[in-house]
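Colleague: Got a file for you: input19.txt, compact mmCIF, C-alpha atoms and all ligand atoms.
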```txt
# COMPACT_ATOMS: atom_id res chain seq x y z
CA MET A 8 77.47 103.17 139.09
CA ASP A 9 80.03 103.72 136.30
CA VAL A 10 79.16 107.02 134.66
CA ALA A 11 77.05 110.12 135.31
CA VAL A 12 76.07 111.98 132.15
CA ILE A 13 75.03 115.54 132.93
CA GLY A 14 72.77 116.84 130.16
CA GLY A 15 70.31 114.59 128.36
CA SER A 16 69.82 116.15 124.95
CA VAL A 17 71.18 114.53 121.77
CA ALA A 18 74.80 114.36 122.92
CA GLY A 19 74.10 113.17 126.45
CA LEU A 20 71.58 110.53 125.42
CA GLN A 21 73.87 109.25 122.64
CA ALA A 22 76.77 108.97 125.11
CA ALA A 23 74.49 107.02 127.44
CA LEU A 24 73.36 104.75 124.59
CA THR A 25 76.93 103.88 123.58
CA LEU A 26 77.92 103.29 127.21
CA GLY A 27 74.77 101.30 128.00
CA ARG A 28 75.44 99.04 125.02
CA ALA A 29 78.97 98.52 126.41
CA ARG A 30 77.29 97.19 129.58
CA ARG A 31 78.16 100.22 131.65
CA GLN A 32 75.83 101.35 134.41
CA VAL A 33 74.89 104.93 133.62
CA VAL A 34 72.75 107.70 135.09
CA VAL A 35 71.71 110.69 132.96
CA PHE A 36 70.52 113.95 134.53
CA ASP A 37 68.68 116.53 132.46
CA ASP A 38 66.81 119.71 133.29
CA GLY A 39 64.99 120.16 129.99
CA ARG A 40 66.78 123.12 128.37
CA ALA A 41 67.94 121.58 125.07
CA ARG A 42 69.26 124.40 122.94
CA ASN A 43 66.79 123.88 120.09
CA ARG A 44 63.75 123.47 122.34
CA ALA A 45 62.05 126.56 120.85
CA ALA A 46 62.21 125.10 117.33
CA SER A 47 59.32 123.16 115.81
CA HIS A 48 61.49 120.59 114.00
CA VAL A 49 64.96 119.10 113.94
CA HIS A 50 66.16 119.23 110.32
CA ASN A 51 69.22 117.68 108.69
CA PHE A 52 69.34 114.60 110.96
CA LEU A 53 69.67 111.40 108.92
CA GLY A 54 67.10 108.75 109.79
CA ALA A 55 64.81 111.10 111.69
CA GLU A 56 62.04 112.65 109.59
CA GLN A 57 62.05 116.21 110.93
CA PRO A 58 60.78 115.36 114.44
CA ALA A 59 60.03 118.01 117.04
CA PRO A 60 63.08 118.37 119.34
CA ASP A 61 61.27 116.81 122.32
CA GLU A 62 60.01 113.91 120.15
CA LEU A 63 63.57 113.07 119.10
CA LEU A 64 64.67 113.04 122.74
CA ALA A 65 61.65 110.97 123.78
CA VAL A 66 62.61 108.31 121.21
CA GLY A 67 66.17 108.41 122.56
CA ARG A 68 64.96 107.91 126.13
CA ARG A 69 62.82 104.95 125.03
CA GLN A 70 65.85 103.36 123.33
CA LEU A 71 67.81 103.62 126.58
CA ALA A 72 65.23 101.62 128.52
CA THR A 73 66.79 98.39 127.14
CA TYR A 74 70.07 99.05 128.95
CA ASP A 75 71.28 99.70 132.48
CA VAL A 76 70.73 103.43 132.03
CA ALA A 77 68.60 105.58 134.34
CA VAL A 78 67.39 108.97 133.16
CA ARG A 79 66.47 111.47 135.85
CA ASP A 80 64.83 114.86 135.33
CA GLY A 81 66.59 117.55 137.32
CA ARG A 82 69.56 119.82 137.49
CA VAL A 83 72.98 118.86 138.83
CA ASP A 84 74.37 121.91 140.61
CA ASP A 85 77.54 120.38 141.90
CA VAL A 86 79.91 117.49 141.31
CA GLU A 87 82.05 116.43 144.23
CA VAL A 88 85.47 114.92 143.59
CA VAL A 89 86.05 111.96 145.93
CA ASP A 90 88.92 109.47 146.31
CA ASP A 91 87.71 106.89 143.82
CA GLY A 92 85.62 109.06 141.50
CA PHE A 93 82.85 111.61 141.83
CA VAL A 94 79.49 112.19 143.45
CA ALA A 95 76.98 113.74 141.03
CA GLY A 96 73.26 114.14 141.75
CA GLY A 97 73.69 111.91 144.81
CA GLU A 98 75.24 109.07 142.77
CA HIS A 99 78.76 107.78 143.30
CA VAL A 100 80.32 107.33 139.85
CA ARG A 101 83.72 106.60 138.32
CA ALA A 102 83.47 109.09 135.45
CA VAL A 103 81.47 112.18 134.56
CA VAL A 104 80.38 113.15 131.05
CA LEU A 105 79.43 116.80 130.66
CA ALA A 106 76.82 117.23 127.91
CA THR A 107 75.43 120.49 129.26
CA GLY A 108 75.39 122.41 125.95
CA LEU A 109 75.21 126.09 125.19
CA ARG A 110 73.03 129.12 125.80
CA ASP A 111 72.46 131.59 122.96
CA GLU A 112 72.67 135.32 123.60
CA LEU A 113 70.37 136.91 121.01
CA PRO A 114 70.58 140.37 119.41
CA ASP A 115 68.80 142.87 121.64
CA VAL A 116 66.06 143.78 119.14
CA PRO A 117 62.33 143.69 119.95
CA GLY A 118 60.61 140.62 118.49
CA VAL A 119 63.76 138.47 118.23
CA ALA A 120 63.42 136.58 121.53
CA ASP A 121 59.65 136.08 121.04
CA ARG A 122 60.13 134.52 117.60
CA TRP A 123 63.34 132.58 118.37
CA GLY A 124 63.28 129.06 116.92
CA GLN A 125 60.29 129.86 114.71
CA SER A 126 60.63 132.75 112.23
CA VAL A 127 63.94 133.81 113.84
CA VAL A 128 66.76 131.27 113.65
CA ALA A 129 70.54 131.20 113.40
CA CYS A 130 71.71 128.35 111.20
CA PRO A 131 70.99 128.15 107.44
CA HIS A 132 72.15 124.52 107.35
CA CYS A 133 69.34 123.74 109.83
CA HIS A 134 66.59 126.04 108.55
CA GLY A 135 67.59 127.36 105.11
CA TRP A 136 66.09 124.66 102.92
CA GLU A 137 62.51 125.27 104.09
CA VAL A 138 62.68 128.95 102.99
CA ARG A 139 64.86 128.63 99.91
CA ASP A 140 64.25 131.23 97.18
CA GLN A 141 62.22 133.42 99.54
CA PRO A 142 62.99 136.90 100.95
CA LEU A 143 65.41 136.44 103.84
CA VAL A 144 67.04 138.87 106.25
CA GLN A 145 70.36 138.38 108.01
CA LEU A 146 70.31 140.48 111.16
CA GLY A 147 73.66 141.55 112.54
CA MET A 148 74.77 141.59 116.16
CA ARG A 149 75.42 145.29 116.83
CA GLY A 150 79.16 145.96 117.09
CA ALA A 151 80.22 142.74 115.31
CA PRO A 152 79.54 143.38 111.59
CA GLU A 153 82.25 140.99 110.32
CA ARG A 154 80.33 137.95 111.60
CA SER A 155 77.06 139.03 110.03
CA VAL A 156 78.74 139.76 106.68
CA ALA A 157 80.07 136.18 106.60
CA ARG A 158 76.66 134.79 107.59
CA ALA A 159 74.85 136.85 104.93
CA VAL A 160 77.24 135.59 102.25
CA LEU A 161 76.58 132.01 103.45
CA LEU A 162 72.81 132.61 103.38
CA SER A 163 72.96 133.77 99.76
CA ARG A 164 73.31 130.09 98.78
CA TRP A 165 69.68 129.55 99.84
CA SER A 166 68.06 132.60 98.21
CA ASP A 167 68.94 135.39 95.80
CA ASP A 168 66.76 137.74 97.89
CA VAL A 169 68.93 138.23 101.00
CA THR A 170 69.29 141.54 102.84
CA LEU A 171 71.83 142.16 105.56
CA CYS A 172 70.50 144.55 108.22
CA THR A 173 73.48 145.85 110.15
CA ASP A 174 71.30 147.60 112.79
CA GLY A 175 73.31 150.81 112.64
CA ASP A 176 76.80 149.41 112.01
CA GLU A 177 78.75 150.79 109.06
CA LEU A 178 80.59 148.40 106.74
CA THR A 179 83.99 148.70 105.13
CA ALA A 180 84.40 148.94 101.34
CA ALA A 181 85.83 145.39 101.32
CA GLN A 182 82.80 144.05 103.21
CA ARG A 183 80.40 145.83 100.84
CA ASP A 184 82.29 144.41 97.87
CA GLN A 185 82.04 140.89 99.29
CA LEU A 186 78.29 141.25 99.84
CA ASP A 187 77.84 142.75 96.40
CA ARG A 188 79.56 139.77 94.78
CA ALA A 189 77.22 137.43 96.70
CA GLY A 190 74.18 139.47 95.58
CA VAL A 191 73.29 140.51 99.15
CA ALA A 192 71.54 143.87 99.67
CA VAL A 193 72.54 146.00 102.67
CA ARG A 194 70.48 148.21 105.02
CA THR A 195 72.36 150.08 107.72
CA GLU A 196 69.39 151.75 109.47
CA ARG A 197 68.58 150.78 113.05
CA VAL A 198 66.24 147.80 113.32
CA GLU A 199 63.18 148.74 115.37
CA GLU A 200 61.42 145.40 115.51
CA VAL A 201 61.25 141.95 113.99
CA ARG A 202 57.60 141.26 113.12
CA ALA A 203 55.70 138.34 111.59
CA GLY A 204 56.84 138.34 107.94
CA SER A 205 58.85 141.57 108.05
CA VAL A 206 61.61 143.56 109.69
CA ALA A 207 60.78 147.14 110.71
CA LEU A 208 63.64 149.53 110.02
CA THR A 209 63.62 153.22 110.85
CA GLY A 210 61.26 154.52 108.16
CA ALA A 211 60.85 151.27 106.18
CA ASP A 212 59.39 147.77 106.38
CA LEU A 213 61.36 144.94 104.80
CA PRO A 214 59.62 141.66 103.86
CA ALA A 215 61.31 138.67 105.51
CA ARG A 216 60.03 135.12 105.34
CA ARG A 217 62.66 134.23 107.92
CA VAL A 218 65.20 136.24 109.89
CA PHE A 219 68.61 134.71 110.52
CA VAL A 220 70.52 136.18 113.46
CA VAL A 221 74.08 136.10 114.70
CA VAL A 222 74.27 134.88 118.31
CA ARG A 223 76.88 134.83 121.05
CA GLN A 224 77.23 131.43 122.66
CA HIS A 225 77.94 130.70 126.31
CA GLN A 226 78.32 127.46 128.24
CA GLN A 227 74.94 126.64 129.77
CA SER A 228 76.58 125.30 132.93
CA ASP A 229 79.68 126.41 134.81
CA LEU A 230 80.34 122.87 136.11
CA ALA A 231 83.34 122.35 133.81
CA GLU A 232 85.07 125.49 135.06
CA ARG A 233 84.23 124.74 138.68
CA LEU A 234 85.70 121.25 138.27
CA GLY A 235 88.93 122.82 137.01
CA CYS A 236 88.57 121.85 133.34
CA GLN A 237 90.15 124.19 130.82
CA VAL A 238 87.57 126.25 128.93
CA THR A 239 88.83 128.27 125.97
CA ASP A 240 86.74 130.54 123.70
CA GLY A 241 83.53 129.22 125.26
CA ALA A 242 84.34 125.54 124.62
CA VAL A 243 85.51 122.91 127.10
CA VAL A 244 88.93 121.80 125.87
CA THR A 245 89.13 118.05 125.13
CA ASP A 246 91.18 115.57 123.18
CA GLU A 247 89.59 113.57 120.37
CA GLY A 248 88.12 111.17 122.95
CA GLY A 249 86.28 113.94 124.80
CA ARG A 250 88.77 113.82 127.71
CA THR A 251 88.97 117.20 129.44
CA THR A 252 92.07 118.44 131.21
CA MET A 253 90.74 116.83 134.44
CA PRO A 254 91.06 113.01 134.73
CA GLY A 255 87.72 111.19 134.72
CA ILE A 256 85.78 114.15 133.34
CA TYR A 257 84.70 114.18 129.69
CA ALA A 258 82.86 116.80 127.62
CA VAL A 259 80.75 115.92 124.59
CA GLY A 260 78.67 117.56 121.85
CA THR A 261 78.42 121.33 121.71
CA THR A 262 79.86 121.62 125.24
CA ALA A 263 83.20 120.80 123.62
CA SER A 264 82.57 121.83 120.03
CA PRO A 265 80.01 124.67 119.81
CA ALA A 266 79.47 124.66 116.03
CA LEU A 267 78.16 121.09 115.84
CA LEU A 268 74.74 120.42 114.37
CA ALA A 269 72.58 117.94 116.29
CA ILE A 270 73.78 114.84 114.46
CA GLY A 271 77.39 115.98 114.86
CA ALA A 272 76.86 116.47 118.60
CA ALA A 273 75.51 112.92 118.83
CA GLY A 274 78.43 111.56 116.77
CA HIS A 275 80.97 113.40 118.92
CA ALA A 276 79.32 111.97 122.04
CA SER A 277 79.41 108.44 120.68
CA THR A 278 83.14 108.70 119.93
CA ALA A 279 83.80 110.09 123.41
CA ALA A 280 81.71 107.35 125.04
CA VAL A 281 83.92 104.74 123.37
CA ALA A 282 86.92 106.48 124.99
CA VAL A 283 85.18 106.59 128.40
CA HIS A 284 84.54 102.86 128.17
CA ALA A 285 88.15 102.16 127.14
CA ASP A 286 89.50 104.25 130.05
CA LEU A 287 87.23 102.46 132.55
CA LEU A 288 88.30 99.10 131.14
CA GLU A 289 91.92 100.02 131.68
CA LEU A 290 91.12 100.95 135.30
CA ASP A 291 89.19 97.66 135.73
CA LEU A 292 92.22 95.68 134.52
CA SER A 293 94.81 97.62 136.51
CA SER A 294 92.83 97.04 139.73
CA ARG A 295 93.09 93.26 139.10
CA ARG A 296 96.90 93.25 139.03
C1 LIG A 301 66.71 127.48 117.57
C2 LIG A 301 67.65 126.36 117.20
C3 LIG A 301 67.27 125.44 116.23
C4 LIG A 301 68.14 124.42 115.87
N1 LIG A 301 67.77 123.56 114.87
C5 LIG A 301 68.60 122.58 114.51
C6 LIG A 301 68.23 121.68 113.45
O1 LIG A 301 67.15 121.80 112.85
N2 LIG A 301 69.11 120.71 113.11
C7 LIG A 301 70.32 120.56 113.74
O2 LIG A 301 71.07 119.67 113.39
N3 LIG A 301 70.69 121.39 114.74
C8 LIG A 301 69.85 122.39 115.14
N4 LIG A 301 70.22 123.24 116.13
C9 LIG A 301 71.49 122.98 116.85
C10 LIG A 301 71.20 121.90 117.93
O3 LIG A 301 70.25 122.43 118.82
C11 LIG A 301 72.47 121.53 118.67
O4 LIG A 301 73.43 121.03 117.76
C12 LIG A 301 72.18 120.42 119.69
O5 LIG A 301 71.09 120.78 120.52
C13 LIG A 301 73.40 120.19 120.55
O6 LIG A 301 73.11 119.16 121.44
P1 LIG A 301 73.88 119.02 122.82
O7 LIG A 301 73.39 117.74 123.40
O8 LIG A 301 75.34 119.24 122.62
O9 LIG A 301 73.40 120.25 123.72
P2 LIG A 301 71.92 120.79 124.13
O10 LIG A 301 70.90 120.39 123.13
O11 LIG A 301 72.10 122.23 124.39
O12 LIG A 301 71.62 120.03 125.46
C14 LIG A 301 72.22 120.31 126.69
C15 LIG A 301 71.34 119.66 127.75
O13 LIG A 301 72.00 119.73 129.02
C16 LIG A 301 71.04 120.05 130.02
N5 LIG A 301 71.76 120.66 131.15
C17 LIG A 301 72.59 121.73 131.12
N6 LIG A 301 73.11 121.95 132.34
C18 LIG A 301 72.60 120.99 133.16
C19 LIG A 301 72.77 120.67 134.54
N7 LIG A 301 73.59 121.38 135.33
N8 LIG A 301 72.09 119.62 135.05
C20 LIG A 301 71.25 118.87 134.26
N9 LIG A 301 71.06 119.12 132.94
C21 LIG A 301 71.73 120.16 132.40
C22 LIG A 301 70.07 120.99 129.33
O14 LIG A 301 68.83 121.02 129.97
C23 LIG A 301 70.00 120.38 127.91
O15 LIG A 301 68.95 119.44 127.82
C24 LIG A 301 69.39 124.29 116.50
C25 LIG A 301 69.77 125.21 117.49
C26 LIG A 301 68.91 126.23 117.84
C27 LIG A 301 69.34 127.22 118.89
```
If you convert what's in this file into structure tokens, what do you get?
Ligand SMILES: Cc1cc2nc3c(=O)[nH]c(=O)nc-3n(C[C@H](O)[C@H](O)[C@H](O)COP(=O)(O)OP(=O)(O)OC[C@H]3O[C@@H](n4cnc5c(N)ncnc54)[C@H](O)[C@@H]3O)c2cc1C
Modeller:
Amino acid sequence: MDVAVIGGSVAGLQAALTLGRARRQVVVFDDGRARNRAASHVHNFLGAEQPAPDELLAVGRRQLATYDVAVRDGRVDDVEVVDDGFVAGGEHVRAVVLATGLRDELPDVPGVADRWGQSVVACPHCHGWEVRDQPLVQLGMRGAPERSVARAVLLSRWSDDVTLCTDGDELTAAQRDQLDRAGVAVRTERVEEVRAGSVALTGADLPARRVFVVVRQHQQSDLAERLGCQVTDGAVVTDEGGRTTMPGIYAVGTTASPALLAIGAAGHASTAAVAVHADLLELDLSSRR
């Protein structure tokens, strides 16, 4: 077996597709926790007409059936480094591609986790178009108002009815001025609950067709760190070919570049898979000397 891909969402499956088409023998492991799994549709993905996240992945898996690529459902808890490669999920491989993605830490406000992916989302580029020109709320992450100010200003491109709820945080005069210039209203009361169609503040109810939140992102798996790869600011450090700081281990998609949208994660993975193939080819040739 040439390559184990750990994580079989858009990035992992795209890496496997590029490697399979390069006649590499690949195994993909996935335990079904794609980051957008709570969402009803994948938007902003050229060539795919707003599929459900699991539909998009099912099409990807079907595409892989043409090639020497096995996809296995299940979690990989450990990768063993051996003399001539790695053992991952019981398979002896020459290279490992980490496509394990991110986990979102949500604001601790009642109603947010229940509605996540539906009426509560994070990214206007993914979910702004569908609610353009409607009343929108940007909910801050308590204690980090600068991030929510920037997000509220961004959101004002999709609607002129945007309110930033700081959930108790006070803003500076410069932040208020910035929001004012973007036409964003501000409420600094504590947020009691996010409900269907509204946000309950202390003493008031604010209409909200959709609530955009600021999240903290964490690596979904600690495999990269345990394998000795450098991880900085929550991202596995790689070169442009997805090579981590550990030889033979690659990181693709949001594992390496957290801000990527789905199509960007797939594109990143494809580029990295080309590098994996080139590195294996070099090893193939050097062993024939
Ligand atoms: C609510 C929400 C909605 C979104 N909507 C959109 C949208 O409409 N359009 C868009 O472009 N982007 C959207 N995104 C962003 C999109 O989800 C990401 O860009 C994309 O999922 C990144 O893909 P990835 O393959 O890098 O990681 P992920 O999708 O996070 O996939 C990682 C995979 O690795 C698996 N995994 C992790 N650890 C292990 C392990 N140890 N063993 C086996 N498997 C493992 C997980 O189960 C998961 O399937 C949305 C994000 C969220 C949170």
Colleague: Between CA of Gln125 in chain A and CA of Ser47 in chain A, measure the distance and give it in Å to one decimal.
Modeller: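 These atoms are spaced 6.9 Å apart.
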Colleague: Fewer than 5 positions away in the same chain doesn't count, so skip those; otherwise give me all residues within 9 Å of Trp165 in chain A, counting all atoms listed in the file, as number ranges by chain.
Modeller: A: 131, 135-136, 138-141
Colleague: Check the smallest atom-to-atom distance from each of A:Thr195, A:Gln70, A:Gln224, A:Gln185 to ligand LIG 301 (chain A) using all atoms listed in the file, then report the winner.
Modeller: A:Gln224
Colleague: So which one's closest to ligand LIG 301 (chain A), A:Val33, A:Val83, A:Ala59, A:Leu105? Using all atoms listed in the file, please.
Modeller: A:Val83
Colleague: Can you check which parts of chain A lie within 7 Å of ligand LIG 301 (chain A)? Per residue, the shortest pair of atoms and distance in Å to one decimal, counting all atoms listed in the file, sorted by chain and number, as a tab-separated table.
Modeller:
```
residue	atom	partner	partner_atom	distance
A:Ile13	CA	A:LIG301	C20	5.2
A:Gly14	CA	A:LIG301	O13	3.2
A:Gly15	CA	A:LIG301	O15	5.1
A:Ser16	CA	A:LIG301	O7	4.2
A:Val17	CA	A:LIG301	O7	4.2
A:Ala18	CA	A:LIG301	O7	3.7
A:Gly19	CA	A:LIG301	O7	5.5
A:Phe36	CA	A:LIG301	C20	5.0
A:Asp37	CA	A:LIG301	N9	3.6
A:Asp38	CA	A:LIG301	O14	4.1
A:Gly39	CA	A:LIG301	O14	3.9
A:Arg40	CA	A:LIG301	O14	3.3
A:Ala41	CA	A:LIG301	O15	3.6
A:Arg42	CA	A:LIG301	O11	3.9
A:Asn43	CA	A:LIG301	C26	3.9
A:Arg44	CA	A:LIG301	C1	6.9
A:Ala45	CA	A:LIG301	C1	5.8
A:Ala46	CA	A:LIG301	C1	5.1
A:His48	CA	A:LIG301	O1	5.9
A:Val49	CA	A:LIG301	O1	3.6
A:His50	CA	A:LIG301	O1	3.7
A:Asn51	CA	A:LIG301	N2	5.4
A:Phe52	CA	A:LIG301	O2	5.9
A:Gly81	CA	A:LIG301	C20	5.7
A:Arg82	CA	A:LIG301	N8	3.5
A:Val83	CA	A:LIG301	N8	4.0
A:Asp84	CA	A:LIG301	N7	5.4
A:Ala106	CA	A:LIG301	O13	5.5
A:Thr107	CA	A:LIG301	O13	3.5
A:Gly108	CA	A:LIG301	O11	3.6
A:Leu109	CA	A:LIG301	O11	5.0
A:Asp111	CA	A:LIG301	C27	6.7
A:Trp123	CA	A:LIG301	C1	6.2
A:Gly124	CA	A:LIG301	C1	3.8
A:Val128	CA	A:LIG301	C1	5.5
A:Ala129	CA	A:LIG301	C1	6.8
A:Cys133	CA	A:LIG301	O1	4.2
A:His134	CA	A:LIG301	O1	6.1
A:Gln227	CA	A:LIG301	C17	5.6
A:Ser228	CA	A:LIG301	N6	4.9
A:Leu230	CA	A:LIG301	N7	7.0
A:Val259	CA	A:LIG301	O8	6.6
A:Gly260	CA	A:LIG301	O8	3.8
A:Thr261	CA	A:LIG301	O8	3.8
A:Thr262	CA	A:LIG301	O8	5.7
A:Leu267	CA	A:LIG301	O4	5.1
A:Leu268	CA	A:LIG301	O4	3.7
A:Ala269	CA	A:LIG301	O4	3.5
A:Ile270	CA	A:LIG301	O2	5.6
A:Ala272	CA	A:LIG301	O8	5.1
A:Ala273	CA	A:LIG301	O7	7.0
```
Colleague: Enter the distance from CA of His225 in chain A to CA of Glu112 in chain A, in Å, rounded to one decimal.
Modeller: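 Between these atoms lies a distance of 7.5 Å.
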Colleague: Between A:Glu200, A:Asp115, A:Asp286, A:Glu98, which is the closest to Val86 in chain A once you count only C-alpha atoms?
Modeller: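 Closest to Val86 in chain A of all the choices is A:Glu98.
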Colleague: Got a sec: who's within 12 Å of Val281 in chain A, counting all atoms listed in the file, leaving out chain neighbours fewer than 3 positions off, as a ChimeraX atom specification?
Modeller: /A:21-31,104,247-250,257,259,274-278,284-288
Colleague: Taking into account only C-alpha atoms, which residue in the set A:Gly54, A:Pro117, A:Gly96, A:Gly235 is nearest to Arg79 in chain A?
Modeller: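 Result for the nearest residue to Arg79 in chain A: A:Gly96.
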Colleague: Give as a list in words the set of residues within 10 Å of the point (63.4, 140.3, 115.3), where distances use the file's coordinates and all atoms listed in the file.
Modeller: Leu113, Pro114, Asp115, Val116, Pro117, Gly118, Val119, Ala120, Asp121, Arg122, Trp123, Ser126, Val127, Val128, Val144, Leu146, Val198, Glu199, Glu200, Val201, Arg202, Ala203, Ser205, Val206, Ala207, Arg217, Val218, Phe219 and Val220 of chain A
Colleague: Which residues are near Glu196 in chain A? Cut-off 10 Å, only C-alpha atoms, ignore same chain within fewer than 5 positions. Put them as a list in words.
Modeller: Cys172, Thr173, Asp174, Gly175, Asp176, Glu177, Ala207, Leu208, Thr209, Gly210 and Ala211 of chain A
Colleague: Using all atoms listed in the file, pick whichever of A:Arg295, A:Arg216, A:Val169, A:Leu63 has the shortest atom-to-atom distance to Leu20 in chain A.
Modeller: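 Checking each of A:Arg295, A:Arg216, A:Val169, A:Leu63 against Leu20 in chain A, counting all atoms listed in the file, the winner is A:Leu63.
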Colleague: Since fewer atoms than expected are present, regenerate N, CA and C atoms for range 122-133 of chain A and write them as a PDB file, in the frame of the given file.
Modeller:
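See part-v4.pdb below for the written result:
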```pdb
ATOM      1  N   ARG A 122      60.267 135.350 118.809  1.00  0.00           N
ATOM      2  CA  ARG A 122      60.130 134.520 117.600  1.00  0.00           C
ATOM      3  C   ARG A 122      61.265 133.513 117.444  1.00  0.00           C
ATOM      4  N   TRP A 123      62.149 133.450 118.432  1.00  0.00           N
ATOM      5  CA  TRP A 123      63.340 132.580 118.370  1.00  0.00           C
ATOM      6  C   TRP A 123      62.922 131.111 118.169  1.00  0.00           C
ATOM      7  N   GLY A 124      63.571 130.478 117.200  1.00  0.00           N
ATOM      8  CA  GLY A 124      63.280 129.060 116.920  1.00  0.00           C
ATOM      9  C   GLY A 124      62.148 128.880 115.934  1.00  0.00           C
ATOM     10  N   GLN A 125      61.405 129.949 115.654  1.00  0.00           N
ATOM     11  CA  GLN A 125      60.290 129.860 114.710  1.00  0.00           C
ATOM     12  C   GLN A 125      60.654 130.673 113.459  1.00  0.00           C
ATOM     13  N   SER A 126      60.243 131.955 113.413  1.00  0.00           N
ATOM     14  CA  SER A 126      60.630 132.750 112.230  1.00  0.00           C
ATOM     15  C   SER A 126      61.987 133.420 112.418  1.00  0.00           C
ATOM     16  N   VAL A 127      62.570 133.310 113.594  1.00  0.00           N
ATOM     17  CA  VAL A 127      63.940 133.810 113.840  1.00  0.00           C
ATOM     18  C   VAL A 127      64.825 132.627 114.220  1.00  0.00           C
ATOM     19  N   VAL A 128      65.870 132.418 113.427  1.00  0.00           N
ATOM     20  CA  VAL A 128      66.760 131.270 113.650  1.00  0.00           C
ATOM     21  C   VAL A 128      68.201 131.717 113.408  1.00  0.00           C
ATOM     22  N   ALA A 129      69.142 130.802 113.587  1.00  0.00           N
ATOM     23  CA  ALA A 129      70.540 131.200 113.400  1.00  0.00           C
ATOM     24  C   ALA A 129      71.214 130.466 112.235  1.00  0.00           C
ATOM     25  N   CYS A 130      70.858 129.202 112.042  1.00  0.00           N
ATOM     26  CA  CYS A 130      71.710 128.350 111.200  1.00  0.00           C
ATOM     27  C   CYS A 130      71.030 128.018 109.857  1.00  0.00           C
ATOM     28  N   PRO A 131      71.586 128.487 108.735  1.00  0.00           N
ATOM     29  CA  PRO A 131      70.990 128.150 107.440  1.00  0.00           C
ATOM     30  C   PRO A 131      71.053 126.654 107.121  1.00  0.00           C
ATOM     31  N   HIS A 132      72.080 125.963 107.615  1.00  0.00           N
ATOM     32  CA  HIS A 132      72.150 124.520 107.350  1.00  0.00           C
ATOM     33  C   HIS A 132      70.989 123.789 108.036  1.00  0.00           C
ATOM     34  N   CYS A 133      70.489 124.345 109.133  1.00  0.00           N
ATOM     35  CA  CYS A 133      69.340 123.740 109.830  1.00  0.00           C
ATOM     36  C   CYS A 133      68.025 124.196 109.205  1.00  0.00           C
TER      37      CYS A 133
END
```
